[in-house]
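See below for start_20.cif, which holds mmCIF, C-alpha atoms.
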data_my_file
#
loop_
_atom_site.label_atom_id
_atom_site.label_comp_id
_atom_site.auth_asym_id
_atom_site.auth_seq_id
_atom_site.Cartn_x
_atom_site.Cartn_y
_atom_site.Cartn_z
CA MET P 1 184.86 141.77 -61.46
CA LYS P 2 184.03 138.07 -62.10
CA ASP P 3 184.83 138.56 -65.80
CA SER P 4 188.28 140.02 -65.21
CA PHE P 5 191.40 138.04 -66.14
CA TRP P 6 192.73 137.67 -62.60
CA PHE P 7 189.55 136.98 -60.64
CA PRO P 8 189.08 133.30 -61.74
CA ILE P 9 192.76 132.59 -61.02
CA VAL P 10 192.65 134.17 -57.58
CA PHE P 11 189.28 132.56 -56.81
CA MET P 12 190.58 129.12 -57.78
CA LEU P 13 193.76 129.63 -55.75
CA ILE P 14 191.79 130.66 -52.66
CA ASN P 15 189.61 127.55 -52.98
CA VAL P 16 192.61 125.25 -53.47
CA VAL P 17 194.41 126.74 -50.45
CA LEU P 18 191.27 126.64 -48.31
CA PHE P 19 190.25 123.04 -49.04
CA THR P 20 193.79 121.67 -49.11
CA GLY P 21 194.37 123.42 -45.79
CA ILE P 22 191.24 121.88 -44.26
CA LEU P 23 192.30 118.43 -45.47
CA ALA P 24 195.88 118.91 -44.28
CA VAL P 25 194.78 119.97 -40.79
CA MET P 26 192.29 117.12 -40.60
CA TYR P 27 194.86 114.57 -41.75
CA ARG P 28 197.52 115.92 -39.40
CA TYR P 29 195.08 115.69 -36.52
CA SER P 30 194.13 112.09 -37.42
CA GLU P 31 197.57 110.87 -38.55
CA VAL P 32 198.67 109.37 -35.22
CA LYS P 33 195.36 107.57 -34.77
CA ILE P 34 195.51 106.12 -38.31
CA GLU P 35 199.14 104.97 -37.96
CA THR P 36 198.51 103.45 -34.53
CA TYR P 37 195.58 101.47 -35.88
CA GLU P 38 197.51 100.33 -38.98
CA THR P 39 200.49 99.18 -36.91
CA ALA P 40 198.26 97.34 -34.44
CA SER P 41 196.30 95.74 -37.24
CA TYR P 42 199.50 94.57 -38.97
CA GLN P 43 201.00 93.18 -35.75
CA GLN P 44 197.74 91.39 -34.90
CA LYS P 45 197.84 89.72 -38.30
CA ILE P 46 201.45 88.59 -37.72
CA LEU P 47 200.49 87.22 -34.33
CA GLY P 48 197.34 85.63 -35.77
CA THR P 49 199.26 83.69 -38.43
CA MET P 50 201.57 82.17 -35.77
CA ALA P 51 199.06 81.89 -32.90
CA ALA P 52 198.17 78.24 -33.54
CA LYS P 53 201.82 77.20 -33.36
CA ILE P 54 202.48 79.28 -30.23
CA ALA P 55 199.35 77.77 -28.69
CA GLU P 56 200.64 74.23 -29.24
CA VAL P 57 203.66 74.95 -27.03
CA THR P 58 202.11 77.25 -24.42
CA GLU P 59 198.93 75.23 -23.86
CA GLN P 60 196.79 78.29 -24.48
CA SER P 61 194.22 78.59 -27.23
CA PRO P 62 195.07 80.68 -30.33
CA GLU P 63 192.13 82.94 -29.44
CA GLU P 64 193.62 83.65 -26.00
CA ILE P 65 196.98 84.54 -27.55
CA ILE P 66 195.37 86.91 -30.06
CA ALA P 67 193.18 88.45 -27.33
CA ALA P 68 196.30 89.11 -25.24
CA TYR P 69 197.74 91.48 -27.90
CA PRO P 70 199.91 93.62 -27.50
CA SER P 71 201.57 91.83 -24.56
CA SER P 72 201.55 88.46 -26.39
CA PHE P 73 203.12 90.08 -29.46
CA GLU P 74 205.93 91.56 -27.37
CA LYS P 75 206.42 88.28 -25.53
CA TYR P 76 206.51 85.85 -28.47
CA VAL P 77 207.25 87.73 -31.70
CA GLN P 78 210.65 89.05 -32.78
CA LYS P 79 211.53 90.92 -35.94
CA LEU P 80 214.51 89.64 -37.93
CA GLU P 81 216.69 91.61 -40.30
CA PRO P 82 218.60 89.13 -42.42
CA LYS P 83 221.24 90.48 -44.77
CA ASP P 84 220.27 90.92 -48.44
CA PHE P 85 216.80 89.54 -47.81
CA GLU P 86 214.16 91.81 -49.31
CA ARG P 87 211.18 90.75 -47.23
CA GLU P 88 209.94 91.57 -43.74
CA VAL P 89 210.42 88.52 -41.55
CA TYR P 90 209.35 87.67 -38.00
CA LYS P 91 209.80 84.63 -35.79
CA ALA P 92 207.72 83.27 -32.94
CA VAL P 93 209.85 82.19 -29.99
CA VAL P 94 208.59 80.20 -27.01
CA ASP P 95 211.06 79.19 -24.26
CA ASP P 96 214.03 80.16 -26.48
CA GLN P 97 212.80 77.85 -29.20
CA VAL P 98 211.66 79.08 -32.60
CA VAL P 99 208.24 77.60 -33.38
CA ALA P 100 207.31 79.46 -36.58
CA TYR P 101 208.36 82.15 -39.04
CA CYS P 102 206.20 84.78 -40.64
CA PHE P 103 207.06 86.53 -43.92
CA GLU P 104 205.52 89.47 -45.67
CA ILE P 105 205.10 88.47 -49.30
CA LYS P 106 204.13 90.44 -52.40
CA GLY P 107 202.50 89.62 -55.72
CA ASN P 108 200.29 90.96 -58.48
CA GLY P 109 196.55 90.52 -58.63
CA LEU P 110 194.16 91.46 -61.42
CA TRP P 111 194.09 95.22 -60.74
CA GLY P 112 197.23 95.87 -58.73
CA SER P 113 199.75 94.53 -56.30
CA MET P 114 198.87 92.65 -53.14
CA ARG P 115 200.68 92.08 -49.85
CA ALA P 116 200.17 89.13 -47.57
CA LEU P 117 201.59 87.55 -44.43
CA VAL P 118 202.40 83.90 -44.48
CA SER P 119 203.65 81.86 -41.55
CA THR P 120 205.76 78.82 -42.25
CA SER P 121 207.03 75.77 -40.47
CA THR P 122 210.64 75.98 -39.27
CA ASP P 123 211.80 74.05 -42.37
CA PHE P 124 210.24 76.84 -44.52
CA LYS P 125 208.40 74.39 -46.75
CA THR P 126 204.87 74.36 -45.42
CA ILE P 127 202.29 77.10 -44.91
CA LEU P 128 200.96 77.32 -41.36
CA ASP P 129 198.61 80.24 -41.90
CA PHE P 130 198.00 82.97 -44.40
CA ALA P 131 196.53 86.50 -44.20
CA ILE P 132 196.08 89.26 -46.76
CA VAL P 133 197.50 92.66 -45.68
CA ASN P 134 196.18 94.63 -48.63
CA GLN P 135 194.88 94.04 -52.13
CA GLN P 136 193.20 96.07 -54.85
CA GLU P 137 190.93 93.42 -56.31
CA THR P 138 187.28 93.91 -57.31
CA PRO P 139 185.14 94.39 -54.19
CA GLY P 140 182.69 91.50 -53.82
CA LEU P 141 184.62 89.36 -56.33
CA GLY P 142 188.43 89.12 -56.18
CA ALA P 143 188.51 90.94 -52.84
CA ARG P 144 186.88 87.86 -51.32
CA ILE P 145 190.34 86.23 -51.17
CA GLU P 146 190.43 87.79 -47.69
CA GLU P 147 187.62 85.52 -46.54
CA LYS P 148 188.50 82.90 -43.94
CA TRP P 149 187.38 79.84 -45.94
CA PHE P 150 189.66 80.80 -48.85
CA LEU P 151 192.74 81.49 -46.71
CA GLU P 152 192.31 78.39 -44.53
CA GLN P 153 192.61 76.15 -47.58
CA PHE P 154 196.33 76.90 -47.74
CA GLN P 155 197.10 75.73 -44.22
CA ASN P 156 199.55 72.83 -43.97
CA ARG P 157 200.26 72.83 -47.68
CA LEU P 158 203.70 72.37 -49.17
CA PHE P 159 204.70 75.29 -51.35
CA VAL P 160 208.26 74.74 -52.58
CA VAL P 161 209.98 72.81 -55.32
CA ASN P 162 211.60 69.78 -53.73
CA PRO P 163 215.34 70.28 -54.54
CA GLU P 164 216.13 66.57 -54.45
CA SER P 165 213.43 65.31 -56.77
CA ASN P 166 212.83 68.66 -58.51
CA ASP P 167 209.17 67.95 -57.94
CA ASP P 168 207.08 71.12 -57.93
CA VAL P 169 203.96 70.09 -56.06
CA THR P 170 202.47 73.56 -56.40
CA GLN P 171 202.02 72.91 -60.13
CA SER P 172 199.61 70.14 -59.32
CA TYR P 173 197.27 72.32 -57.24
CA GLU P 174 194.03 72.83 -59.11
CA PHE P 175 191.10 75.10 -58.46
CA ILE P 176 187.54 73.86 -58.34
CA ALA P 177 184.30 75.84 -58.17
CA GLU P 178 183.48 77.47 -54.84
CA THR P 179 180.35 75.38 -54.42
CA GLN P 180 182.12 72.04 -54.95
CA THR P 181 183.75 69.90 -52.27
CA PRO P 182 187.43 68.99 -52.77
CA VAL P 183 187.89 65.27 -53.32
CA THR P 184 191.72 65.25 -53.32
CA ASP P 185 194.26 67.18 -51.23
CA ARG P 186 195.43 68.94 -54.41
CA GLN P 187 192.12 70.73 -54.94
CA LEU P 188 191.45 74.27 -53.75
CA LYS P 189 188.24 76.25 -54.04
CA ARG P 190 188.33 79.26 -56.34
CA VAL P 191 186.46 82.48 -55.54
CA THR P 192 183.44 82.63 -57.86
CA GLY P 193 183.92 85.24 -60.57
CA ALA P 194 187.58 85.80 -59.66
CA THR P 195 189.61 83.24 -61.62
CA ILE P 196 192.57 85.56 -62.27
CA THR P 197 192.76 86.71 -58.65
CA SER P 198 192.57 83.14 -57.32
CA ASP P 199 195.32 82.07 -59.72
CA SER P 200 197.39 85.12 -58.71
CA VAL P 201 197.38 83.99 -55.09
CA ILE P 202 198.85 80.62 -56.06
CA LYS P 203 201.43 82.34 -58.30
CA MET P 204 202.42 84.70 -55.48
CA LEU P 205 202.80 81.88 -52.96
CA ARG P 206 204.80 79.74 -55.39
CA ALA P 207 207.20 82.56 -56.34
CA GLU P 208 207.66 83.90 -52.83
CA PHE P 209 208.09 80.53 -51.15
CA ASN P 210 210.77 79.56 -53.64
CA TYR P 211 212.53 82.91 -53.06
CA ILE P 212 212.44 82.32 -49.29
CA TYR P 213 213.49 78.69 -49.58
CA ASP P 214 216.39 79.55 -51.92
CA TYR P 215 217.59 82.16 -49.44
CA VAL P 216 217.43 79.98 -46.33
CA ARG P 217 219.25 77.10 -48.05
CA SER P 218 222.40 79.20 -48.24
CA ASN P 219 221.87 81.84 -45.51
CA GLU P 220 220.78 82.04 -41.94
CA LEU P 221 217.80 84.11 -40.91
CA MET S 1 159.19 124.77 -55.46
CA THR S 2 158.81 123.82 -51.82
CA LYS S 3 161.46 121.76 -50.08
CA LYS S 4 159.09 118.77 -50.04
CA GLU S 5 158.67 119.02 -53.82
CA ILE S 6 162.43 119.31 -54.32
CA PHE S 7 162.94 116.19 -52.22
CA ILE S 8 160.26 114.15 -54.03
CA ASN S 9 161.55 115.28 -57.43
CA ALA S 10 165.14 114.35 -56.58
CA THR S 11 164.21 111.02 -55.02
CA PHE S 12 161.49 109.70 -57.34
CA LYS S 13 160.36 111.84 -60.29
CA ASP S 14 163.88 112.78 -61.45
CA ASN S 15 165.63 109.81 -59.87
CA ALA S 16 169.32 109.94 -60.76
CA ILE S 17 169.47 106.37 -62.01
CA TRP S 18 166.17 105.47 -63.62
CA ARG S 19 165.34 108.95 -65.00
CA GLN S 20 168.67 110.72 -65.53
CA ILE S 21 170.71 107.54 -66.18
CA LEU S 22 173.55 108.83 -63.98
CA GLY S 23 175.72 106.85 -61.57
CA ILE S 24 175.35 103.71 -63.67
CA CYS S 25 179.01 102.60 -63.29
CA SER S 26 178.77 102.27 -59.52
CA ALA S 27 175.26 100.81 -59.75
CA LEU S 28 176.78 97.99 -61.80
CA ALA S 29 179.96 97.60 -59.77
CA VAL S 30 178.91 97.63 -56.13
CA THR S 31 175.50 95.97 -56.20
CA ASN S 32 176.63 92.38 -55.73
CA LEU S 33 176.26 92.77 -51.95
CA MET S 34 173.65 94.77 -50.06
CA LEU S 35 176.13 95.99 -47.44
CA ASN S 36 178.41 97.44 -50.14
CA SER S 37 175.42 99.20 -51.69
CA LEU S 38 174.27 100.66 -48.39
CA ILE S 39 177.72 101.96 -47.49
CA MET S 40 178.24 103.42 -50.97
CA GLY S 41 174.79 105.01 -50.73
CA LEU S 42 175.50 106.63 -47.36
CA GLY S 43 178.79 108.04 -48.65
CA VAL S 44 177.06 109.46 -51.73
CA ILE S 45 174.21 110.98 -49.65
CA PHE S 46 176.71 112.79 -47.38
CA THR S 47 178.89 114.01 -50.24
CA LEU S 48 175.93 115.12 -52.38
CA ALA S 49 174.38 117.04 -49.50
CA MET S 50 177.57 118.75 -48.30
CA ALA S 51 179.02 119.45 -51.75
CA GLY S 52 175.67 120.77 -53.00
CA MET S 53 175.40 123.09 -50.00
CA THR S 54 178.96 124.43 -50.41
CA ILE S 55 178.71 124.91 -54.17
CA SER S 56 175.42 126.73 -53.69
CA PHE S 57 176.91 128.93 -50.95
CA ILE S 58 179.75 130.19 -53.17
CA ARG S 59 177.75 130.29 -56.43
CA ALA S 60 177.43 134.09 -56.44
CA TRP S 61 181.23 134.50 -56.51
CA THR S 62 182.12 131.53 -58.73
CA PRO S 63 183.28 132.60 -62.22
CA ARG S 64 181.73 130.50 -65.04
CA SER S 65 185.13 129.72 -66.55
CA VAL S 66 186.36 127.82 -63.49
CA ARG S 67 183.07 126.60 -61.99
CA MET S 68 183.54 122.94 -62.90
CA MET S 69 187.07 122.88 -61.50
CA VAL S 70 185.76 124.37 -58.26
CA GLN S 71 182.96 121.80 -58.15
CA VAL S 72 185.39 118.90 -58.62
CA LEU S 73 187.66 120.36 -55.94
CA ILE S 74 184.79 120.64 -53.43
CA ILE S 75 183.44 117.15 -54.17
CA ALA S 76 186.93 115.62 -53.88
CA ALA S 77 187.56 117.45 -50.60
CA TYR S 78 184.36 116.08 -49.02
CA VAL S 79 185.12 112.56 -50.20
CA ILE S 80 188.61 112.76 -48.66
CA ILE S 81 187.11 114.13 -45.43
CA VAL S 82 184.81 111.07 -45.26
CA ASP S 83 187.80 108.80 -45.96
CA ILE S 84 190.04 110.36 -43.27
CA PHE S 85 187.21 110.42 -40.72
CA LEU S 86 186.44 106.74 -41.24
CA LYS S 87 190.12 105.70 -41.16
CA ALA S 88 190.72 107.54 -37.90
CA ASN S 89 187.46 106.86 -36.05
CA MET S 90 185.86 103.79 -37.64
CA PRO S 91 188.82 101.76 -38.94
CA VAL S 92 186.85 98.51 -39.19
CA ILE S 93 184.17 100.08 -41.37
CA SER S 94 186.86 101.89 -43.37
CA LYS S 95 188.55 98.55 -44.04
CA GLN S 96 185.26 96.99 -45.14
CA LEU S 97 184.60 99.88 -47.51
CA GLY S 98 187.97 99.47 -49.17
CA PRO S 99 188.10 101.51 -52.38
CA TYR S 100 184.42 102.49 -52.33
CA VAL S 101 184.91 105.80 -50.56
CA GLY S 102 187.42 106.98 -53.15
CA LEU S 103 185.10 105.84 -55.93
CA ILE S 104 182.42 108.31 -54.80
CA ILE S 105 184.41 111.07 -56.56
CA THR S 106 183.83 109.36 -59.90
CA ASN S 107 180.06 109.21 -59.46
CA CYS S 108 178.39 111.23 -62.23
CA ILE S 109 175.45 112.15 -59.99
CA LEU S 110 177.71 114.45 -57.95
CA MET S 111 178.79 116.59 -60.88
CA GLY S 112 175.32 116.29 -62.40
CA ARG S 113 173.54 117.72 -59.35
CA ALA S 114 176.28 120.31 -58.72
CA GLU S 115 175.97 121.65 -62.25
CA ALA S 116 172.21 121.26 -62.74
CA PHE S 117 170.96 122.28 -59.30
CA ALA S 118 173.41 123.49 -56.66
CA SER S 119 175.10 126.10 -58.88
CA GLN S 120 171.70 127.76 -59.53
CA ASN S 121 169.71 127.33 -56.32
CA LYS S 122 169.68 128.38 -52.66
CA VAL S 123 171.80 126.68 -50.00
CA MET S 124 169.00 124.84 -48.15
CA ASP S 125 167.32 123.79 -51.40
CA SER S 126 170.63 122.35 -52.58
CA LEU S 127 171.01 120.45 -49.32
CA VAL S 128 167.53 118.93 -49.70
CA ASP S 129 168.21 118.11 -53.36
CA GLY S 130 171.49 116.41 -52.42
CA ILE S 131 169.86 114.29 -49.72
CA GLY S 132 166.94 113.41 -52.02
CA SER S 133 169.18 112.48 -54.96
CA GLY S 134 171.37 110.39 -52.66
CA ILE S 135 168.39 108.55 -51.18
CA GLY S 136 166.99 107.90 -54.66
CA TYR S 137 170.34 106.49 -55.77
CA THR S 138 170.71 104.35 -52.62
CA MET S 139 167.20 103.00 -53.02
CA VAL S 140 167.92 101.71 -56.53
CA LEU S 141 171.28 100.26 -55.47
CA LEU S 142 169.64 98.38 -52.60
CA LEU S 143 166.90 97.04 -54.86
CA ILE S 144 169.39 95.71 -57.43
CA SER S 145 171.72 94.32 -54.76
CA PHE S 146 168.79 92.61 -52.99
CA ILE S 147 168.10 90.57 -56.13
CA ARG S 148 171.79 89.94 -56.86
CA GLU S 149 172.82 88.92 -53.35
CA LEU S 150 169.75 86.75 -52.80
CA PHE S 151 170.23 84.75 -55.99
CA GLY S 152 174.02 85.02 -56.21
CA PHE S 153 174.91 84.18 -52.60
CA GLY S 154 171.60 83.06 -51.08
CA SER S 155 171.91 85.76 -48.42
CA ILE S 156 170.68 89.25 -47.48
CA PHE S 157 173.17 91.61 -45.80
CA GLY S 158 175.41 88.56 -45.34
CA PHE S 159 172.77 86.55 -43.47
CA ARG S 160 172.00 83.22 -45.09
CA ILE S 161 168.39 83.12 -46.30
CA MET S 162 168.38 80.21 -48.73
CA GLY S 163 168.95 76.70 -47.41
CA ASP S 164 171.71 74.28 -48.42
CA TRP S 165 169.50 73.12 -51.29
CA TRP S 166 170.02 76.47 -53.02
CA THR S 167 172.43 76.54 -55.97
CA ALA S 168 173.96 80.00 -56.26
CA TRP S 169 173.54 81.72 -59.62
CA SER S 170 177.10 82.75 -60.52
CA ILE S 171 175.84 85.21 -63.14
CA MET S 172 174.21 87.25 -60.36
CA VAL S 173 177.60 87.86 -58.73
CA MET S 174 179.05 89.21 -61.98
CA ALA S 175 178.48 92.64 -63.53
CA PRO S 176 176.29 91.47 -66.48
CA SER S 177 173.45 90.61 -64.10
CA ALA S 178 173.37 94.23 -62.93
CA PHE S 179 172.94 95.30 -66.58
CA PHE S 180 169.92 93.00 -66.98
CA ILE S 181 168.29 93.98 -63.69
CA LEU S 182 168.91 97.71 -64.17
CA ALA S 183 167.58 97.60 -67.74
CA MET S 184 164.43 95.79 -66.60
CA LEU S 185 163.95 98.23 -63.73
CA ILE S 186 164.20 101.24 -66.06
CA TRP S 187 161.83 99.55 -68.54
CA ILE S 188 159.23 98.74 -65.85
CA ILE S 189 159.34 102.23 -64.33
CA ASN S 190 159.12 103.93 -67.73
CA THR S 191 156.18 101.72 -68.73
CA TYR S 192 154.16 101.75 -65.53
CA TYR S 193 155.08 105.11 -63.97
CA TYR S 194 156.00 107.75 -66.53
CA LYS S 195 153.83 106.55 -69.44
CA VAL S 196 150.77 105.96 -67.29
CA LYS S 197 151.29 109.37 -65.72
CA ALA S 198 151.62 110.99 -69.15
#
Mind turning this structure into structure tokens?
Amino acid sequence: MKDSFWFPIVFMLINVVLFTGILAVMYRYSEVKIETYETASYQQKILGTMAAKIAEVTEQSPEEIIAAYPSSFEKYVQKLEPKDFEREVYKAVVDDQVVAYCFEIKGNGLWGSMRALVSTSTDFKTILDFAIVNQQETPGLGARIEEKWFLEQFQNRLFVVNPESNDDVTQSYEFIAETQTPVTDRQLKRVTGATITSDSVIKMLRAEFNYIYDYVRSNEL
Amino acid sequence: MTKKEIFINATFKDNAIWRQILGICSALAVTNLMLNSLIMGLGVIFTLAMAGMTISFIRAWTPRSVRMMVQVLIIAAYVIIVDIFLKANMPVISKQLGPYVGLIITNCILMGRAEAFASQNKVMDSLVDGIGSGIGYTMVLLLISFIRELFGFGSIFGFRIMGDWWTAWSIMVMAPSAFFILAMLIWIINTYYYKVKA
């Protein structure tokens, strides 16, 4: 029977249906849990990038604000939907006053695309905080761009071309080895063994910040 | 062969990496950190054991012409089960693992053991062989990653071991160092284990 023409086809079909069915049932059963976690994780990152600024106004610590998720997210964070703007954007509002904005930005790394959240000052020129949402870089090498020390380097840095002087300060940022100590405020530490990924982060921030800044100069969020 | 002999053969005598030279890609890629190696190892142990058992269970009905397709299907299904389970129940660990879980499918040891052992042996023997092969693979990964993480980052499982005086060896973080260490390991074992035994 095993040598007949139809048996291998039927056998393969049964296996495909059986295993695909098991996976489908398992995924269906876990889907809500996975989506709930992903949404919470994303919202916590949004809150985290703006927590320091909210803390300044509310006299709480950033840690307290993050720990109070989801109530703090509902209280302070609002989603915006500006016309013809192709990025997710959120604002942090305390006592009817906007204290920070948070944008989802996209770029290309070494192996694939990456998504990040970046919070900005209300003039849209300076980075307040930065978090990676997802990336496909080499684990242990490029994937280390998610580490705190790397992301914190971008805080309070200007990331747009100054329209008056046409001065692009981002061009003057330079990477130094991870083990070195920056001696100027233009130096950033590169992840060891991940030159292309480190450079890609700068490229992404430069391109996305200029897109955002161009938009807000002629439109309202 | 007794189950004990099957286990010892799979873990040491016919070790997937140093004897069969299988699973080399992942041994080079994930061994820069010990935690990555351990997690990859645990995933491979589970998949090898479960896939081996299933392939062995259906071996009497599996036609030769489609056996490799069936094996790939079973291996892929178990890897996806691990992935879904971790995402739903251990999201933090799943996040740390990143692409590693998916990469288990590409590990040559899985197809190697399915074809060489599970498709010709009893269910429980295949389970023991899968666990043994997985432990043997994990052991080598941990050994390589111990050397790489210690010299490359000055840490073990993320805990700082070397003081501030230590200058990290960048080469240890990159893939070429895994080539050197793996080659030396195979050379040492061939010289002092197999040749002496022969």
For this session: Could you state which residues are captured by the PyMOL selection byres ((chain P) within 7 of (chain S)) in this file, as a list in words?
Result: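 Output of the PyMOL selection byres ((chain P) within 7 of (chain S)): Lys2, Pro8, Met12, Phe19, Leu23, Tyr27, Ser30, Lys33, Ile34, Gly140, Thr192 and Gly193 of chain P.
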For this session: List the residues matched by the PyMOL selection byres ((chain S and resi 181) around 10) in the displayed structure as a list of chain:residue names, ordered by chain and then by residue number.
Result: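 Selected by the PyMOL selection byres ((chain S and resi 181) around 10) in this file: S:Leu28, S:Leu143, S:Ile144, S:Ser145, S:Ile147, S:Arg148, S:Met172, S:Pro176, S:Ser177, S:Ala178, S:Phe179, S:Phe180, S:Leu182, S:Ala183, S:Met184, S:Leu185, S:Ile186, S:Trp187.
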Reference answer for the PyMOL selection byres ((chain P and resi 203) around 12), as a compact mmCIF listing (two decimals) with C-alpha atoms, in the frame of the given file:
# COMPACT_ATOMS: atom_id res chain seq x y z
CA ILE P 105 205.10 88.47 -49.30
CA LYS P 106 204.13 90.44 -52.40
CA GLY P 107 202.50 89.62 -55.72
CA ASN P 108 200.29 90.96 -58.48
CA GLY P 109 196.55 90.52 -58.63
CA MET P 114 198.87 92.65 -53.14
CA PHE P 159 204.70 75.29 -51.35
CA VAL P 160 208.26 74.74 -52.58
CA THR P 170 202.47 73.56 -56.40
CA GLN P 171 202.02 72.91 -60.13
CA TYR P 173 197.27 72.32 -57.24
CA ILE P 196 192.57 85.56 -62.27
CA THR P 197 192.76 86.71 -58.65
CA SER P 198 192.57 83.14 -57.32
CA ASP P 199 195.32 82.07 -59.72
CA SER P 200 197.39 85.12 -58.71
CA VAL P 201 197.38 83.99 -55.09
CA ILE P 202 198.85 80.62 -56.06
CA MET P 204 202.42 84.70 -55.48
CA LEU P 205 202.80 81.88 -52.96
CA ARG P 206 204.80 79.74 -55.39
CA ALA P 207 207.20 82.56 -56.34
CA GLU P 208 207.66 83.90 -52.83
CA PHE P 209 208.09 80.53 -51.15
CA ASN P 210 210.77 79.56 -53.64
For this session: Quote the spacing between CA of Met34 in chain S and CA of Phe157 in chain S in Å to one decimal place.
Result: 5.3 Å
Exercise. Which value, in Å to one decimal, gives the distance between CA of Tyr194 in chain S and CA of Arg19 in chain S?
Worked result: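 Interatomic distance here is 9.5 Å.
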Exercise. Which protein, DNA or RNA residues have an atom at most 10 Å from (189.1, 81.9, -48.3), counting all atoms listed in the file? List them as a list in words.
Worked result: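 I get Phe130, Ala131, Arg144, Ile145, Glu146, Glu147, Lys148, Trp149, Phe150, Leu151, Glu152, Gln153, Phe154, Glu178, Leu188, Lys189, Arg190, Val191 and Ser198 of chain P for the residues within 10 Å of that point.
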For this session: Determine, counting all atoms listed in the file, which protein, DNA and RNA residues have an atom within 6 Å of an atom of range 105-117 of chain S; residues of the same chain fewer than 6 positions away are not included. Present the result as JSON, numbers by chain.
Result: {"S": [22, 23, 48, 52, 76]}
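Minimum atom-to-atom distances from S:Met53, S:Ile93, S:Ile6, S:Met1 to Ser133 in chain S were compared using all atoms listed in the file, and the lowest value belongs to S:Ile6.
In this structure, CA of Thr122 in chain P sits 10.1 Å away from CA of Ala92 in chain P.
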Edge lengths and centre in Å, axis-aligned, range 41-57 of chain P plus 5 Å each side, as lines of an AutoDock Vina configuration file:
center_x = 200.0
center_y = 85.0
center_z = -33.0
size_x = 17.4
size_y = 31.5
size_z = 21.9
Problem set entry | Neighbour residues at most 6 Å from (205.4, 81.5, -39.0) (all atoms listed in the file) as a ChimeraX atom specification | /P:50,100-102,119-120
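Restricting the calculation to only C-alpha atoms, the smallest distance between Met50 in chain S and any of S:Asp129, S:Asp14, S:Glu5, S:Asp83 is found for S:Asp129.
All residues of protein, DNA or RNA that reach within 8 Å of Val133 in chain P, judged by only C-alpha atoms and not counting those fewer than 6 positions away in the chain, are Tyr42, Lys45, Met114, Arg115, Ala116 and Leu117 of chain P.
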For Ile156 in chain S, please output as a JSON list (two decimals) with C-alpha atoms, in the frame of the given file all residues within 7 Å (counting only C-alpha atoms; exclusion window: fewer than 5 positions along the same chain).
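Below you can see part07.json, which holds the result:
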[["chain", "number", "residue", "atom", "x", "y", "z"],
["S", 34, "MET", "CA", 173.65, 94.77, -50.06],
["S", 146, "PHE", "CA", 168.79, 92.61, -52.99],
["S", 149, "GLU", "CA", 172.82, 88.92, -53.35],
["S", 150, "LEU", "CA", 169.75, 86.75, -52.80],
["S", 161, "ILE", "CA", 168.39, 83.12, -46.30]]
For this session: Using all atoms listed in the file, find the one residue out of S:Ala10, S:Ile24, S:Leu142, S:Val44 that sits nearest to Val82 in chain S.
Result: S:Val44
